[in-house]
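Enquirer: upload-v5.csv (CSV, C-alpha atoms) pasted underneath:
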chain,number,residue,atom,x,y,z
K,1,ASN,CA,13.1,-52.6,-59.3
K,2,ASN,CA,9.6,-53.6,-58.1
K,3,ARG,CA,11.1,-54.4,-54.7
K,4,MET,CA,12.8,-51.0,-54.5
K,5,LYS,CA,9.6,-49.2,-55.4
K,6,ARG,CA,7.7,-51.1,-52.6
K,7,LEU,CA,10.4,-50.1,-50.1
K,8,LEU,CA,10.3,-46.5,-51.2
K,9,LEU,CA,6.5,-46.4,-51.0
K,10,LEU,CA,6.6,-48.0,-47.5
K,11,ALA,CA,9.2,-45.5,-46.4
K,12,LEU,CA,7.1,-42.6,-47.7
K,13,GLY,CA,4.0,-44.0,-46.0
K,14,LEU,CA,5.8,-44.3,-42.6
K,15,PHE,CA,7.2,-40.7,-43.0
K,16,ALA,CA,3.7,-39.4,-43.7
K,17,CYS,CA,2.3,-41.2,-40.7
K,18,VAL,CA,5.0,-39.8,-38.4
K,19,GLN,CA,4.4,-36.3,-39.8
K,20,LEU,CA,0.6,-36.6,-39.3
K,21,SER,CA,1.1,-37.9,-35.8
K,22,PHE,CA,3.4,-35.0,-34.9
K,23,ALA,CA,1.0,-32.5,-36.5
K,24,GLN,CA,-1.9,-33.8,-34.4
K,25,LYS,CA,0.1,-33.3,-31.2
K,26,THR,CA,1.1,-29.7,-31.9
K,27,VAL,CA,-0.7,-26.4,-32.0
K,28,GLU,CA,0.1,-22.9,-33.0
K,29,ALA,CA,1.4,-20.7,-30.1
K,30,VAL,CA,1.4,-16.9,-30.0
K,31,HIS,CA,4.0,-15.7,-27.5
K,32,LEU,CA,3.1,-12.2,-26.1
K,33,LYS,CA,5.7,-9.7,-24.8
K,34,ASN,CA,4.1,-9.9,-21.3
K,35,GLY,CA,5.2,-13.5,-21.1
K,36,SER,CA,1.8,-15.1,-21.9
K,37,VAL,CA,1.5,-17.9,-24.4
K,38,ILE,CA,-1.7,-18.4,-26.4
K,39,TYR,CA,-2.4,-21.9,-27.8
K,40,GLY,CA,-4.8,-22.7,-30.6
K,41,THR,CA,-5.3,-22.2,-34.4
K,42,ILE,CA,-4.5,-19.0,-36.1
K,43,ILE,CA,-7.4,-18.1,-38.3
K,44,GLU,CA,-6.3,-14.7,-39.5
K,45,GLN,CA,-2.9,-13.0,-39.7
K,46,ILE,CA,-2.2,-9.6,-41.1
K,47,PRO,CA,1.6,-9.0,-41.1
K,48,GLY,CA,2.6,-5.9,-39.1
K,49,GLN,CA,-1.0,-5.4,-37.8
K,50,ARG,CA,-2.7,-8.2,-35.9
K,51,VAL,CA,-3.2,-12.0,-35.4
K,52,LYS,CA,-6.5,-13.7,-34.7
K,53,ILE,CA,-6.3,-17.1,-32.9
K,54,GLN,CA,-9.1,-19.5,-32.1
K,55,ALA,CA,-8.9,-21.7,-28.9
K,56,ARG,CA,-10.1,-25.3,-28.8
K,57,ASP,CA,-13.4,-24.2,-27.1
K,58,GLY,CA,-14.1,-21.9,-30.0
K,59,SER,CA,-13.1,-18.7,-28.3
K,60,ILE,CA,-11.4,-16.1,-30.5
K,61,PHE,CA,-8.7,-13.7,-29.4
K,62,ILE,CA,-7.1,-10.9,-31.3
K,63,TYR,CA,-3.7,-9.4,-30.6
K,64,THR,CA,-1.9,-6.5,-32.3
K,65,ALA,CA,1.6,-6.9,-33.7
K,66,ASP,CA,2.9,-4.7,-30.9
K,67,GLU,CA,1.8,-7.2,-28.3
K,68,ILE,CA,3.3,-10.2,-30.0
K,69,SER,CA,6.9,-11.4,-29.4
K,70,ARG,CA,6.9,-14.4,-31.8
K,71,ILE,CA,4.7,-17.2,-33.3
K,72,THR,CA,5.7,-20.8,-33.2
K,73,ARG,CA,4.2,-24.3,-33.5
K,74,GLU,CA,4.5,-26.3,-30.3
K,75,LYS,CA,3.4,-29.4,-28.5
K,76,ALA,CA,-0.2,-29.1,-27.3
K,77,PRO,CA,-0.4,-28.4,-23.5
K,78,GLN,CA,-1.5,-31.4,-21.4
K,79,GLN,CA,-4.1,-29.4,-19.5
K,80,GLU,CA,-7.2,-28.3,-21.4
K,81,ARG,CA,-7.5,-25.0,-19.6
K,82,GLN,CA,-4.1,-23.9,-20.9
K,83,ILE,CA,-5.6,-23.9,-24.4
K,84,ILE,CA,-9.0,-22.5,-23.3
K,85,TYR,CA,-7.6,-19.6,-21.4
K,86,LEU,CA,-4.2,-19.2,-22.7
K,87,ASP,CA,-2.0,-17.5,-20.1
K,88,ARG,CA,-3.9,-17.7,-16.8
K,89,ASN,CA,-4.2,-20.3,-14.1
K,90,TYR,CA,-7.4,-20.5,-12.0
K,91,PRO,CA,-8.7,-19.4,-9.6
K,92,LEU,CA,-7.6,-15.9,-10.5
K,93,LEU,CA,-8.1,-13.1,-7.9
K,94,GLY,CA,-10.1,-10.1,-9.1
K,95,ALA,CA,-12.0,-7.1,-7.8
K,96,HIS,CA,-14.8,-4.8,-9.1
K,97,ALA,CA,-16.2,-1.4,-8.0
K,98,GLU,CA,-19.4,0.2,-9.3
K,99,LEU,CA,-21.1,3.5,-8.8
K,100,GLY,CA,-24.6,4.1,-9.9
K,101,ILE,CA,-28.2,5.1,-9.5
K,102,THR,CA,-31.2,2.8,-8.9
K,103,GLY,CA,-34.7,4.1,-9.3
K,104,PHE,CA,-35.5,7.4,-10.9
K,105,GLY,CA,-38.6,8.4,-9.0
K,106,LYS,CA,-39.3,9.1,-5.3
K,107,ASP,CA,-37.3,6.0,-4.2
K,108,MET,CA,-34.1,6.8,-6.1
K,109,ARG,CA,-30.9,5.9,-4.4
K,110,LEU,CA,-27.2,6.2,-5.0
K,111,GLU,CA,-25.1,3.1,-4.7
K,112,LEU,CA,-21.4,2.3,-4.3
K,113,LEU,CA,-20.8,-1.4,-4.7
K,114,PRO,CA,-17.3,-2.9,-4.5
K,115,SER,CA,-16.5,-6.6,-4.4
K,116,VAL,CA,-13.5,-8.9,-4.1
K,117,GLY,CA,-13.4,-12.5,-5.3
K,118,ALA,CA,-11.9,-14.8,-7.9
K,119,TYR,CA,-12.5,-16.0,-11.5
K,120,ILE,CA,-13.0,-19.7,-11.2
K,121,ASN,CA,-12.6,-19.9,-15.0
K,122,ARG,CA,-12.5,-17.4,-17.8
K,123,HIS,CA,-16.3,-17.1,-17.9
K,124,ILE,CA,-17.3,-17.0,-14.2
K,125,TYR,CA,-16.4,-14.6,-11.3
K,126,LEU,CA,-17.6,-15.2,-7.8
K,127,GLY,CA,-17.1,-12.7,-4.9
K,128,ALA,CA,-18.5,-10.8,-2.1
K,129,GLY,CA,-18.7,-7.1,-1.1
K,130,ILE,CA,-19.8,-4.5,1.4
K,131,GLY,CA,-21.3,-1.4,-0.2
K,132,LEU,CA,-22.9,1.9,0.7
K,133,ASN,CA,-26.3,3.2,-0.4
K,134,PHE,CA,-27.9,6.6,0.1
K,135,SER,CA,-31.6,7.3,-0.3
K,136,SER,CA,-33.8,10.4,0.3
K,137,TRP,CA,-37.0,8.5,-0.1
K,138,LYS,CA,-39.9,9.8,2.1
K,139,TYR,CA,-41.4,6.5,3.3
K,140,ALA,CA,-43.2,8.5,6.0
K,141,ALA,CA,-44.4,12.1,6.4
K,142,ASP,CA,-41.6,12.8,9.0
K,143,SER,CA,-38.9,10.6,7.5
K,144,LYS,CA,-35.5,11.8,6.5
K,145,SER,CA,-32.8,10.7,4.1
K,146,PHE,CA,-30.9,7.6,5.2
K,147,TRP,CA,-27.8,5.4,4.6
K,148,LEU,CA,-27.7,1.6,4.1
K,149,LEU,CA,-24.9,-0.8,4.3
K,150,PRO,CA,-25.5,-3.7,1.8
K,151,ILE,CA,-23.6,-6.9,2.3
K,152,TYR,CA,-23.9,-9.2,-0.7
K,153,ALA,CA,-22.6,-12.2,-2.7
K,154,HIS,CA,-21.5,-11.1,-6.2
K,155,GLY,CA,-21.5,-13.3,-9.3
K,156,ARG,CA,-20.6,-12.2,-12.8
K,157,GLY,CA,-20.8,-14.3,-16.0
K,158,ILE,CA,-18.4,-13.2,-18.9
K,159,LEU,CA,-20.3,-13.9,-22.1
K,160,PRO,CA,-18.3,-15.5,-24.9
K,161,LEU,CA,-19.5,-12.9,-27.4
K,162,GLY,CA,-16.9,-10.2,-27.1
K,163,THR,CA,-14.5,-8.5,-29.6
K,164,GLU,CA,-11.1,-6.8,-29.1
K,165,TYR,CA,-13.0,-3.7,-28.1
K,166,PHE,CA,-15.6,-4.8,-25.6
K,167,THR,CA,-16.8,-7.8,-23.5
K,168,PRO,CA,-20.4,-8.3,-22.5
K,169,PHE,CA,-21.3,-9.7,-19.1
K,170,ALA,CA,-24.3,-10.6,-16.8
K,171,ASP,CA,-24.1,-9.4,-13.2
K,172,LEU,CA,-26.0,-10.6,-10.1
K,173,LYS,CA,-25.8,-9.4,-6.5
K,174,LEU,CA,-27.9,-10.8,-3.6
K,175,GLY,CA,-27.6,-9.9,0.1
K,176,TYR,CA,-28.9,-8.0,3.0
K,177,SER,CA,-28.7,-4.3,3.9
K,178,ALA,CA,-28.2,-3.0,7.4
K,179,GLY,CA,-29.5,0.4,8.3
K,180,LEU,CA,-26.8,3.0,9.3
K,181,THR,CA,-29.0,6.0,9.9
K,182,ASN,CA,-31.7,3.9,11.5
K,183,SER,CA,-30.9,0.3,12.4
K,184,GLN,CA,-34.6,-0.6,11.8
K,185,LEU,CA,-34.3,0.3,8.1
K,186,SER,CA,-32.9,-3.0,7.0
K,187,GLY,CA,-33.8,-5.7,4.5
K,188,LEU,CA,-33.0,-7.9,1.5
K,189,TYR,CA,-30.9,-6.5,-1.3
K,190,PHE,CA,-31.0,-7.6,-5.0
K,191,SER,CA,-29.4,-6.4,-8.2
K,192,ALA,CA,-29.3,-7.9,-11.7
K,193,ALA,CA,-27.8,-6.3,-14.8
K,194,LEU,CA,-26.4,-6.8,-18.3
K,195,GLY,CA,-23.4,-4.7,-19.3
K,196,VAL,CA,-20.2,-4.4,-21.3
K,197,ALA,CA,-16.6,-4.0,-20.3
K,198,VAL,CA,-14.3,-1.8,-22.4
K,199,LYS,CA,-10.8,-2.6,-21.3
K,200,LYS,CA,-11.1,-2.3,-17.5
K,201,TYR,CA,-14.1,0.0,-17.4
K,202,THR,CA,-17.7,-1.3,-17.3
K,203,PHE,CA,-21.2,0.0,-18.0
K,204,SER,CA,-24.4,-1.8,-17.0
K,205,ILE,CA,-28.2,-1.4,-17.1
K,206,GLY,CA,-30.4,-3.6,-14.9
K,207,TYR,CA,-32.9,-3.8,-12.1
K,208,GLY,CA,-32.4,-3.3,-8.4
K,209,SER,CA,-34.5,-3.9,-5.4
K,210,GLN,CA,-34.1,-3.0,-1.7
K,211,SER,CA,-36.7,-3.9,0.9
K,212,ILE,CA,-36.7,-2.1,4.2
K,213,LYS,CA,-38.6,-2.4,7.5
K,214,ILE,CA,-40.4,0.8,8.2
K,215,GLY,CA,-42.4,-0.1,11.3
K,216,THR,CA,-44.9,-2.5,12.9
K,217,LEU,CA,-48.6,-2.8,12.6
K,218,ASN,CA,-50.6,-5.2,14.9
K,219,ASN,CA,-47.4,-6.8,16.0
K,220,ALA,CA,-46.4,-7.5,12.4
K,221,THR,CA,-43.4,-6.0,10.6
K,222,THR,CA,-44.3,-3.5,7.9
K,223,THR,CA,-41.9,-3.5,4.9
K,224,ALA,CA,-41.5,-1.3,1.9
K,225,ASN,CA,-39.7,-1.9,-1.4
K,226,MET,CA,-37.4,0.5,-3.3
K,227,SER,CA,-36.9,-0.9,-6.8
K,228,GLY,CA,-36.4,0.3,-10.3
K,229,LEU,CA,-34.1,0.6,-13.3
K,230,SER,CA,-30.4,0.8,-12.4
K,231,ILE,CA,-27.5,2.3,-14.3
K,232,LYS,CA,-23.9,1.8,-13.1
K,233,LEU,CA,-20.4,2.7,-14.1
K,234,GLY,CA,-17.5,0.6,-12.9
K,235,VAL,CA,-13.9,-0.5,-13.0
K,236,THR,CA,-12.3,-3.9,-12.8
K,237,PHE,CA,-9.0,-4.5,-11.0
Kindly transcribe the structure held in the file into structure tokens.

Expert:
Amino acid sequence: NNRMKRLLLLALGLFACVQLSFAQKTVEAVHLKNGSVIYGTIIEQIPGQRVKIQARDGSIFIYTADEISRITREKAPQQERQIIYLDRNYPLLGAHAELGITGFGKDMRLELLPSVGAYINRHIYLGAGIGLNFSSWKYAADSKSFWLLPIYAHGRGILPLGTEYFTPFADLKLGYSAGLTNSQLSGLYFSAALGVAVKKYTFSIGYGSQSIKIGTLNNATTTANMSGLSIKLGVTF
């Protein structure tokens, strides 16, 4: 009897070890109707309404019942990024376009700022763009309104603080503007902003600066700076 008890306890111990080993190698998987698979730990589930799942890096994602095909428990993906960002492989191509106003005084200008690039991971977008700026600033007594063509590098950081309704981000553009109305009106371009994305639409508030060459004095180039608060509306593709 004692021998049988020892064998039974040993068998139960081995079974428990196998189960524990299997559990450590599996994660919960939420299969979406669009074909995506989200791996992680389900931290909230309301039948018929929504599921909240947490990825290994701590990111939390929420999906409605209408978006979900099924929920299973599967072997953990070999690649870490499959858990961190679910259904996408990187780099992932993307594009942005913004329309806004910078400066609300005499140096106010309208800006159209598109860019094309790629998400190198779920938090960082890097791209470049060619925009179009219009200003009616009177930098001289006889000056007229003018157009600029900014060419810039574009970086955007997606902050890990979002909800199912909005995603905050930080935005940076740095480049050089060429004068269209007057080729001498050219100079460095800079824009920094904080904003939120609601679905594919964005809203941001920041600071913008545009330096331009307005002439020469004693064989030295004279520059002026148009800068101020910026407000932009945009869309993400």

Enquirer: Would you list the contacts of segment 125-127 of chain K as a CSV table (one decimal) with C-alpha atoms, in the frame of the given file, taking every protein, DNA or RNA residue within 12 Å and counting all atoms listed in the file, but skipping same-chain residues closer than 5 positions in sequence?

Expert:
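Wrote around10.csv, looks like this:
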chain,number,residue,atom,x,y,z
K,90,TYR,CA,-7.4,-20.5,-12.0
K,91,PRO,CA,-8.7,-19.4,-9.6
K,92,LEU,CA,-7.6,-15.9,-10.5
K,93,LEU,CA,-8.1,-13.1,-7.9
K,94,GLY,CA,-10.1,-10.1,-9.1
K,95,ALA,CA,-12.0,-7.1,-7.8
K,96,HIS,CA,-14.8,-4.8,-9.1
K,97,ALA,CA,-16.2,-1.4,-8.0
K,113,LEU,CA,-20.8,-1.4,-4.7
K,114,PRO,CA,-17.3,-2.9,-4.5
K,115,SER,CA,-16.5,-6.6,-4.4
K,116,VAL,CA,-13.5,-8.9,-4.1
K,117,GLY,CA,-13.4,-12.5,-5.3
K,118,ALA,CA,-11.9,-14.8,-7.9
K,119,TYR,CA,-12.5,-16.0,-11.5
K,120,ILE,CA,-13.0,-19.7,-11.2
K,151,ILE,CA,-23.6,-6.9,2.3
K,152,TYR,CA,-23.9,-9.2,-0.7
K,153,ALA,CA,-22.6,-12.2,-2.7
K,154,HIS,CA,-21.5,-11.1,-6.2
K,155,GLY,CA,-21.5,-13.3,-9.3
K,156,ARG,CA,-20.6,-12.2,-12.8
K,157,GLY,CA,-20.8,-14.3,-16.0
K,158,ILE,CA,-18.4,-13.2,-18.9
K,159,LEU,CA,-20.3,-13.9,-22.1
K,169,PHE,CA,-21.3,-9.7,-19.1
K,170,ALA,CA,-24.3,-10.6,-16.8
K,171,ASP,CA,-24.1,-9.4,-13.2
K,172,LEU,CA,-26.0,-10.6,-10.1
K,173,LYS,CA,-25.8,-9.4,-6.5
K,174,LEU,CA,-27.9,-10.8,-3.6
K,175,GLY,CA,-27.6,-9.9,0.1
K,236,THR,CA,-12.3,-3.9,-12.8

Enquirer: I'd like to know which of K:Ala128, K:Ala55, K:Leu110, K:Ile60 is closest to Ile231 of chain K, using only C-alpha atoms.

Expert: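 Between K:Ala128, K:Ala55, K:Leu110, K:Ile60, the residue approaching Ile231 of chain K most closely is K:Leu110.
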
Enquirer: From the options K:Gly234, K:Gly208, K:Gly35, K:Pro160, which residue's atoms come nearest to Ile124 of chain K, counting only C-alpha atoms?

Expert: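 Answer, going by the shortest atom-to-atom distance: K:Pro160.
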
Enquirer: Please measure the separation of atom CA of Lys33 of chain K and atom CA of Val196 of chain K, giving the value in Å to one decimal.

Expert: 26.7 Å

Enquirer: Here's a test: counting all atoms listed in the file, identify every protein, DNA and RNA residue with an atom at most 9 Å from (-22.4, -4.4, 6.3) in the file's coordinate frame, and state them as a PDB file with C-alpha atoms, keeping the file's coordinate frame.

Expert:
ATOM      1  CA  GLY K 129     -18.700  -7.100  -1.100  1.00  0.00           C
ATOM      2  CA  ILE K 130     -19.800  -4.500   1.400  1.00  0.00           C
ATOM      3  CA  GLY K 131     -21.300  -1.400  -0.200  1.00  0.00           C
ATOM      4  CA  LEU K 132     -22.900   1.900   0.700  1.00  0.00           C
ATOM      5  CA  LEU K 148     -27.700   1.600   4.100  1.00  0.00           C
ATOM      6  CA  LEU K 149     -24.900  -0.800   4.300  1.00  0.00           C
ATOM      7  CA  PRO K 150     -25.500  -3.700   1.800  1.00  0.00           C
ATOM      8  CA  ILE K 151     -23.600  -6.900   2.300  1.00  0.00           C
ATOM      9  CA  TYR K 152     -23.900  -9.200  -0.700  1.00  0.00           C
ATOM     10  CA  TYR K 176     -28.900  -8.000   3.000  1.00  0.00           C
ATOM     11  CA  SER K 177     -28.700  -4.300   3.900  1.00  0.00           C
ATOM     12  CA  ALA K 178     -28.200  -3.000   7.400  1.00  0.00           C
ATOM     13  CA  GLY K 179     -29.500   0.400   8.300  1.00  0.00           C
TER      14      GLY K 179
END

Enquirer: Could you please determine the separation between atom CA of Ile62 of chain K and atom CA of Val198 of chain K in Å, to one decimal place?

Expert: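 According to the coordinates, atom CA of Ile62 of chain K and atom CA of Val198 of chain K are separated by 14.6 Å.
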
Enquirer: So, with all atoms listed in the file as the atoms that count, which of K:Ser211, K:Ile71, K:Leu9, K:Tyr63 lies closest to Ala29 of chain K?

Expert: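 For Ala29 of chain K, the nearest of the candidates is K:Ile71.
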
Enquirer: Compare K:Leu233, K:Val37, K:Met108, K:Ile46 by their minimum atom-to-atom distance to Ala65 of chain K, counting all atoms listed in the file, and give me the closest one.

Expert: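 Closest to Ala65 of chain K of all the choices is K:Ile46.
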
Enquirer: Taking all atoms listed in the file into account, name the residue in K:Thr26, K:Gln210, K:Gln45, K:Ser204 that is nearest to Ser135 of chain K.

Expert: K:Gln210

Enquirer: Could you please determine the separation between atom CA of Ser59 of chain K and atom CA of Phe166 of chain K in Å, to one decimal place?

Expert: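 According to the coordinates, atom CA of Ser59 of chain K and atom CA of Phe166 of chain K are separated by 14.4 Å.
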
Enquirer: Ranking K:Thr72, K:Thr222, K:Ser183, K:Asn133 by minimum distance to Leu99 of chain K and counting all atoms listed in the file, which one comes first?

Expert: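 Of all the options, K:Asn133 lies closest to Leu99 of chain K.
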
Enquirer: If we count only C-alpha atoms and set the cut-off at 8 Å, which residues sit around Lys200 of chain K, ignoring sequence neighbours fewer than 3 positions away in its own chain? Please answer as a list in words.

Expert: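 So, after excluding close chain neighbours, the residues are Ala197, Val235, Thr236 and Phe237 of chain K.
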
Enquirer: Generate the coordinates of all heavy atoms for segment 56-67 of chain K; report them as a PDB file, in the frame of the given file.

Expert:
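Saved to part34.pdb:
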ATOM      1  N   ARG K  56      -9.409 -24.037 -28.544  1.00  0.00           N
ATOM      2  CA  ARG K  56     -10.100 -25.300 -28.800  1.00  0.00           C
ATOM      3  C   ARG K  56     -11.593 -25.209 -28.465  1.00  0.00           C
ATOM      4  O   ARG K  56     -12.414 -25.888 -29.084  1.00  0.00           O
ATOM      5  CB  ARG K  56      -9.454 -26.408 -27.964  1.00  0.00           C
ATOM      6  CG  ARG K  56     -10.047 -27.785 -28.211  1.00  0.00           C
ATOM      7  CD  ARG K  56      -9.294 -28.855 -27.456  1.00  0.00           C
ATOM      8  NE  ARG K  56      -7.927 -28.999 -27.959  1.00  0.00           N
ATOM      9  CZ  ARG K  56      -7.051 -29.855 -27.427  1.00  0.00           C
ATOM     10  NH1 ARG K  56      -7.386 -30.583 -26.379  1.00  0.00           N
ATOM     11  NH2 ARG K  56      -5.832 -29.947 -27.927  1.00  0.00           N
ATOM     12  N   ASP K  57     -11.973 -24.350 -27.498  1.00  0.00           N
ATOM     13  CA  ASP K  57     -13.400 -24.200 -27.100  1.00  0.00           C
ATOM     14  C   ASP K  57     -14.143 -23.297 -28.061  1.00  0.00           C
ATOM     15  O   ASP K  57     -15.328 -23.051 -27.865  1.00  0.00           O
ATOM     16  CB  ASP K  57     -13.532 -23.756 -25.689  1.00  0.00           C
ATOM     17  CG  ASP K  57     -13.100 -22.305 -25.505  1.00  0.00           C
ATOM     18  OD1 ASP K  57     -12.331 -21.809 -26.363  1.00  0.00           O
ATOM     19  OD2 ASP K  57     -13.522 -21.675 -24.526  1.00  0.00           O
ATOM     20  N   GLY K  58     -13.473 -22.762 -29.079  1.00  0.00           N
ATOM     21  CA  GLY K  58     -14.100 -21.900 -30.000  1.00  0.00           C
ATOM     22  C   GLY K  58     -13.936 -20.401 -29.751  1.00  0.00           C
ATOM     23  O   GLY K  58     -14.290 -19.558 -30.583  1.00  0.00           O
ATOM     24  N   SER K  59     -13.389 -20.057 -28.597  1.00  0.00           N
ATOM     25  CA  SER K  59     -13.100 -18.700 -28.300  1.00  0.00           C
ATOM     26  C   SER K  59     -12.119 -18.054 -29.208  1.00  0.00           C
ATOM     27  O   SER K  59     -11.153 -18.721 -29.596  1.00  0.00           O
ATOM     28  CB  SER K  59     -12.654 -18.515 -26.820  1.00  0.00           C
ATOM     29  OG  SER K  59     -13.593 -19.037 -25.915  1.00  0.00           O
ATOM     30  N   ILE K  60     -12.336 -16.807 -29.595  1.00  0.00           N
ATOM     31  CA  ILE K  60     -11.400 -16.100 -30.500  1.00  0.00           C
ATOM     32  C   ILE K  60     -10.794 -14.930 -29.831  1.00  0.00           C
ATOM     33  O   ILE K  60     -11.472 -14.143 -29.158  1.00  0.00           O
ATOM     34  CB  ILE K  60     -12.225 -15.665 -31.777  1.00  0.00           C
ATOM     35  CG1 ILE K  60     -12.747 -16.889 -32.548  1.00  0.00           C
ATOM     36  CG2 ILE K  60     -11.338 -14.809 -32.684  1.00  0.00           C
ATOM     37  CD1 ILE K  60     -13.618 -16.532 -33.727  1.00  0.00           C
ATOM     38  N   PHE K  61      -9.487 -14.803 -29.992  1.00  0.00           N
ATOM     39  CA  PHE K  61      -8.700 -13.700 -29.400  1.00  0.00           C
ATOM     40  C   PHE K  61      -7.924 -13.003 -30.432  1.00  0.00           C
ATOM     41  O   PHE K  61      -7.392 -13.623 -31.356  1.00  0.00           O
ATOM     42  CB  PHE K  61      -7.811 -14.267 -28.274  1.00  0.00           C
ATOM     43  CG  PHE K  61      -8.533 -15.038 -27.219  1.00  0.00           C
ATOM     44  CD1 PHE K  61      -8.731 -16.402 -27.361  1.00  0.00           C
ATOM     45  CD2 PHE K  61      -9.049 -14.407 -26.105  1.00  0.00           C
ATOM     46  CE1 PHE K  61      -9.416 -17.122 -26.399  1.00  0.00           C
ATOM     47  CE2 PHE K  61      -9.728 -15.112 -25.142  1.00  0.00           C
ATOM     48  CZ  PHE K  61      -9.914 -16.475 -25.288  1.00  0.00           C
ATOM     49  N   ILE K  62      -7.845 -11.686 -30.287  1.00  0.00           N
ATOM     50  CA  ILE K  62      -7.100 -10.900 -31.300  1.00  0.00           C
ATOM     51  C   ILE K  62      -6.033 -10.074 -30.549  1.00  0.00           C
ATOM     52  O   ILE K  62      -6.268  -9.464 -29.505  1.00  0.00           O
ATOM     53  CB  ILE K  62      -8.116  -9.875 -31.950  1.00  0.00           C
ATOM     54  CG1 ILE K  62      -9.227 -10.656 -32.665  1.00  0.00           C
ATOM     55  CG2 ILE K  62      -7.377  -8.994 -32.949  1.00  0.00           C
ATOM     56  CD1 ILE K  62     -10.311  -9.774 -33.239  1.00  0.00           C
ATOM     57  N   TYR K  63      -4.831 -10.100 -31.122  1.00  0.00           N
ATOM     58  CA  TYR K  63      -3.700  -9.400 -30.600  1.00  0.00           C
ATOM     59  C   TYR K  63      -3.017  -8.573 -31.655  1.00  0.00           C
ATOM     60  O   TYR K  63      -2.890  -9.028 -32.802  1.00  0.00           O
ATOM     61  CB  TYR K  63      -2.698 -10.349 -29.920  1.00  0.00           C
ATOM     62  CG  TYR K  63      -3.264 -11.074 -28.732  1.00  0.00           C
ATOM     63  CD1 TYR K  63      -3.853 -12.320 -28.887  1.00  0.00           C
ATOM     64  CD2 TYR K  63      -3.241 -10.494 -27.473  1.00  0.00           C
ATOM     65  CE1 TYR K  63      -4.404 -12.974 -27.798  1.00  0.00           C
ATOM     66  CE2 TYR K  63      -3.785 -11.141 -26.383  1.00  0.00           C
ATOM     67  CZ  TYR K  63      -4.371 -12.384 -26.543  1.00  0.00           C
ATOM     68  OH  TYR K  63      -4.933 -13.021 -25.472  1.00  0.00           O
ATOM     69  N   THR K  64      -2.604  -7.379 -31.298  1.00  0.00           N
ATOM     70  CA  THR K  64      -1.900  -6.500 -32.300  1.00  0.00           C
ATOM     71  C   THR K  64      -0.452  -6.948 -32.365  1.00  0.00           C
ATOM     72  O   THR K  64       0.090  -7.618 -31.471  1.00  0.00           O
ATOM     73  CB  THR K  64      -1.991  -5.055 -31.843  1.00  0.00           C
ATOM     74  OG1 THR K  64      -1.304  -4.884 -30.578  1.00  0.00           O
ATOM     75  CG2 THR K  64      -3.447  -4.610 -31.676  1.00  0.00           C
ATOM     76  N   ALA K  65       0.195  -6.506 -33.445  1.00  0.00           N
ATOM     77  CA  ALA K  65       1.600  -6.900 -33.700  1.00  0.00           C
ATOM     78  C   ALA K  65       2.487  -6.343 -32.545  1.00  0.00           C
ATOM     79  O   ALA K  65       3.493  -6.982 -32.205  1.00  0.00           O
ATOM     80  CB  ALA K  65       2.055  -6.300 -35.009  1.00  0.00           C
ATOM     81  N   ASP K  66       2.130  -5.221 -31.937  1.00  0.00           N
ATOM     82  CA  ASP K  66       2.900  -4.700 -30.900  1.00  0.00           C
ATOM     83  C   ASP K  66       2.913  -5.528 -29.603  1.00  0.00           C
ATOM     84  O   ASP K  66       3.810  -5.430 -28.767  1.00  0.00           O
ATOM     85  CB  ASP K  66       2.423  -3.247 -30.501  1.00  0.00           C
ATOM     86  CG  ASP K  66       2.660  -2.248 -31.627  1.00  0.00           C
ATOM     87  OD1 ASP K  66       3.553  -2.509 -32.457  1.00  0.00           O
ATOM     88  OD2 ASP K  66       1.951  -1.231 -31.685  1.00  0.00           O
ATOM     89  N   GLU K  67       1.874  -6.361 -29.451  1.00  0.00           N
ATOM     90  CA  GLU K  67       1.800  -7.200 -28.300  1.00  0.00           C
ATOM     91  C   GLU K  67       2.480  -8.545 -28.429  1.00  0.00           C
ATOM     92  O   GLU K  67       2.690  -9.257 -27.447  1.00  0.00           O
ATOM     93  CB  GLU K  67       0.282  -7.492 -27.968  1.00  0.00           C
ATOM     94  CG  GLU K  67      -0.554  -6.276 -27.650  1.00  0.00           C
ATOM     95  CD  GLU K  67      -2.012  -6.622 -27.443  1.00  0.00           C
ATOM     96  OE1 GLU K  67      -2.729  -6.802 -28.444  1.00  0.00           O
ATOM     97  OE2 GLU K  67      -2.432  -6.738 -26.274  1.00  0.00           O
TER      98      GLU K  67
END
